[in-house]
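Take a look at the structure below.
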Amino acid sequence: MKTTAKFISASLATLLVSASAVTAFAAETKDITVSLRIEGVDSCVLYDNYEIPQGSTAADLIQYADKLSDDVTVTGAENNYITDALQKKRRYIVNSVSPNVGVGDYTLSDNDTVVLYYGDFPCLLPQIDTSALNSDGKISFNAESTTYDSDWKPTVSTVAIADMTVTFDGHTYTTDENGTISLSKADFTSGEHSVQVEKKNSNGAPAVLRYADDFTVNIARENTINVNLRIEGPEACYLNDTFEIAKDSNVGQLISYADEVSDDIEVVGADAGYISEVNGIAAGSFGGWDGWYYAVNSVVPNVGVSGYTLNNNDTVVLYYGEYPCYLPIADTSLLTSEGKITFTAKATFGDAVLPIDNMTVYFDGKVYKTDYNGVVVIDEDQLTFGNHSLQVEKYGYSGAPAVLRYADDYTVFVDTKIVNDVNLDGKADINDVTAIQTYLSNYKNISEEQVRIADVNKDGKVDVNDVTALQTILSGETE
């Protein structure tokens, strides 16, 4: 993170002949804020903001940064030409433009950006063209290049920067003859992305100026949707991620895309409309009607993967199981009060809801077994306020899964047992009103659980209205 340092430059201060002159100068001079970045041969060695007096030069800025920082040693700023900074010859730009004067002759303005850099001659200043980024995933790089005729008359032209290394979110590309890279599908996603460039000549000197380490580009892809895909194998989750795909894509196209960009899965059949194998697990591996099935938003469609068109924020689960493989529904309405969770599933045909018996349930890692009615009773010592992990497991006669596991981050919530018991003393009374009032007076901090309870009217905040609501309840005027 860049910081801001403040100074009155030594070169200016030497012009002042007395302490009173220093005071007068400081009173009359306004400060400006300037950014300084120093790029070495291979990396950035300094990147900071500085507050300096109005009228300061680039040399004043560099000398001050040299005095403040242990990371650089600069020679020559006082003589208007940087000859040595970390033992390297230097050039500089201000606001992406190369001045035609030395560092001691360039007067800085507020919010200027100065870059002191080492490079070959000429060292190109790469400009980034993202006009085709959102639509095609392409980025182009060019720079102004100056050539001279026999009379040393300059001609400036814009040239593509070919054969330059571009690092995009840590992935490496090389620009083509047009100075362009095409992002992979995995990198072509909406959001902020880091970009860095590098090119060196045969002598090892930089041929282009690197970007600042915090340089980013934004991608806002057109006509796309975001869909979550989870792939559950017979014993473990293979993948759980959100993918940005083209609008109107089907489930098969989603799975094919995930297969292409992820190193965690290898899918057979998505392009043909029938998933026959994932990560070496083929349909029928357990000798029965077991195979790969899918659900969208917890519902099993009656069409193949290529026949289901997805919508934004859909949740897709591709899972291996026997037939039928049930999708368990956890009813936690009695969890807080009685410690009970009831598991049911919709029947394969019709609208009947069936209990799931003899299913292994993991509550915060502790093992339980559902009874004939699909119920488990959680031990009282586990019923603490907050979220708790929940996982299920059941295998059929063939050995294939008979129920779909929950996502690994699935949780259930245990609330407080006694309603309006703000002070957690086992009863709701006038002392709980006092507890809310004390909290609102900032005399006492209370826990997350108590804050939740103190929101008596459930409007998402704790205020005097909750005091009134609890007083009304305790008076018997309402429940």
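Chain identifiers are assigned as A, B, and so on, following the order in which chains appear in the structure tokens; residues are numbered from 1 within each chain, and ligands are numbered from 1 in order of appearance.
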Output as JSON lines one row per residue of segment 301-325 of chain A within 6 Å of segment 231-234 of chain A: the closest atom pair and its distance in Å to one decimal place, counting only C-alpha atoms, sorted by chain and residue number ascending.
```
{"residue": "A:Val317", "atom": "CA", "partner": "A:Ile231", "partner_atom": "CA", "distance": 5.7}
{"residue": "A:Leu318", "atom": "CA", "partner": "A:Ile231", "partner_atom": "CA", "distance": 4.7}
{"residue": "A:Tyr319", "atom": "CA", "partner": "A:Glu232", "partner_atom": "CA", "distance": 4.6}
{"residue": "A:Tyr320", "atom": "CA", "partner": "A:Gly233", "partner_atom": "CA", "distance": 5.4}
```
With C-alpha atoms kept, could you save the residues just selected as an mmCIF file, in the first residue's frame?
```
data_model
loop_
_atom_site.group_PDB
_atom_site.id
_atom_site.type_symbol
_atom_site.label_atom_id
_atom_site.label_comp_id
_atom_site.auth_asym_id
_atom_site.auth_seq_id
_atom_site.Cartn_x
_atom_site.Cartn_y
_atom_site.Cartn_z
ATOM 1 C CA VAL A 317 -25.327 -30.443 -9.229
ATOM 2 C CA LEU A 318 -23.928 -33.295 -11.314
ATOM 3 C CA TYR A 319 -23.816 -36.368 -9.106
ATOM 4 C CA TYR A 320 -23.162 -40.090 -9.192
#
```
Can you build me a table of segment 123-233 of chain A residues sitting at most 7 Å from segment 245-268 of chain A, with the closest atom pair per residue and its distance in Å to one decimal, using only C-alpha atoms, sorted by chain and residue number, as a tab-separated table?
```
residue	atom	partner	partner_atom	distance
A:Lys185	CA	A:Val261	CA	6.6
A:Ala186	CA	A:Val261	CA	5.1
A:Asn223	CA	A:Lys247	CA	5.5
A:Thr224	CA	A:Ala246	CA	4.4
A:Ile225	CA	A:Lys247	CA	5.5
A:Asn226	CA	A:Ile245	CA	6.4
```
Checklist entry - Do you know which residues are at most 10 Å from segment 425-431 of chain A counting only C-alpha atoms, after dropping those on the same chain fewer than 3 positions away, and could you put them as number ranges by chain? => result A: 417-422, 434-437, 470-471, 473-475
Grab the residues selected above and save them as an mmCIF file, in the first residue's frame with N, CA and C atoms.
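The file below, result.cif, is the result:
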```cif
data_model
loop_
_atom_site.group_PDB
_atom_site.id
_atom_site.type_symbol
_atom_site.label_atom_id
_atom_site.label_comp_id
_atom_site.auth_asym_id
_atom_site.auth_seq_id
_atom_site.Cartn_x
_atom_site.Cartn_y
_atom_site.Cartn_z
ATOM 1 N N LYS A 417 -32.840 -20.829 22.739
ATOM 2 C CA LYS A 417 -34.035 -21.617 23.056
ATOM 3 C C LYS A 417 -35.184 -20.780 23.600
ATOM 4 N N ILE A 418 -34.876 -19.807 24.450
ATOM 5 C CA ILE A 418 -35.927 -19.030 25.097
ATOM 6 C C ILE A 418 -36.059 -17.688 24.395
ATOM 7 N N VAL A 419 -37.239 -17.431 23.840
ATOM 8 C CA VAL A 419 -37.486 -16.203 23.114
ATOM 9 C C VAL A 419 -37.396 -15.007 24.063
ATOM 10 N N ASN A 420 -36.715 -13.939 23.587
ATOM 11 C CA ASN A 420 -36.590 -12.666 24.314
ATOM 12 C C ASN A 420 -35.742 -12.757 25.586
ATOM 13 N N ASP A 421 -34.994 -13.847 25.754
ATOM 14 C CA ASP A 421 -34.110 -13.979 26.914
ATOM 15 C C ASP A 421 -32.776 -13.315 26.583
ATOM 16 N N VAL A 422 -32.747 -11.979 26.621
ATOM 17 C CA VAL A 422 -31.581 -11.220 26.183
ATOM 18 C C VAL A 422 -30.379 -11.477 27.078
ATOM 19 N N THR A 434 -33.993 -4.261 30.666
ATOM 20 C CA THR A 434 -32.840 -3.519 31.181
ATOM 21 C C THR A 434 -31.574 -3.841 30.391
ATOM 22 N N ALA A 435 -31.437 -5.109 29.991
ATOM 23 C CA ALA A 435 -30.250 -5.518 29.223
ATOM 24 C C ALA A 435 -30.189 -4.790 27.888
ATOM 25 N N ILE A 436 -31.347 -4.632 27.228
ATOM 26 C CA ILE A 436 -31.374 -3.895 25.961
ATOM 27 C C ILE A 436 -31.038 -2.429 26.193
ATOM 28 N N GLN A 437 -31.636 -1.847 27.237
ATOM 29 C CA GLN A 437 -31.375 -0.441 27.532
ATOM 30 C C GLN A 437 -29.899 -0.200 27.843
ATOM 31 N N LEU A 470 -40.642 -5.314 23.744
ATOM 32 C CA LEU A 470 -40.498 -6.306 24.806
ATOM 33 C C LEU A 470 -41.347 -5.919 26.023
ATOM 34 N N GLN A 471 -41.420 -4.633 26.336
ATOM 35 C CA GLN A 471 -42.274 -4.200 27.442
ATOM 36 C C GLN A 471 -43.731 -4.550 27.174
ATOM 37 N N ILE A 473 -44.814 -7.028 25.237
ATOM 38 C CA ILE A 473 -44.965 -8.487 25.346
ATOM 39 C C ILE A 473 -45.065 -8.916 26.806
ATOM 40 N N LEU A 474 -44.193 -8.381 27.635
ATOM 41 C CA LEU A 474 -44.176 -8.764 29.039
ATOM 42 C C LEU A 474 -45.427 -8.306 29.790
ATOM 43 N N SER A 475 -46.069 -7.223 29.303
ATOM 44 C CA SER A 475 -47.289 -6.746 29.953
ATOM 45 C C SER A 475 -48.495 -7.598 29.587
#
```
Next on the checklist: Can you tell me, as a ChimeraX atom specification, which residues in segment 73-319 of chain A count as strand (DSSP E) by DSSP?
Outcome noted: /A:74-75,84-85,91-94,113-117,127-129,138-148,154-160,165-168,171-174,180-182,191-198,216-219,224-232,237-246,267-268,277-278,281-282,291-296,315-319
Item to check | Near-segment 328-340 of chain A list (9 Å; only C-alpha atoms; drop same-chain fewer than 5 positions) as an NGL selection string | outcome: :A and (345-346 or 356 or 375-380 or 382-385 or 392 or 403-406 or 412-418)
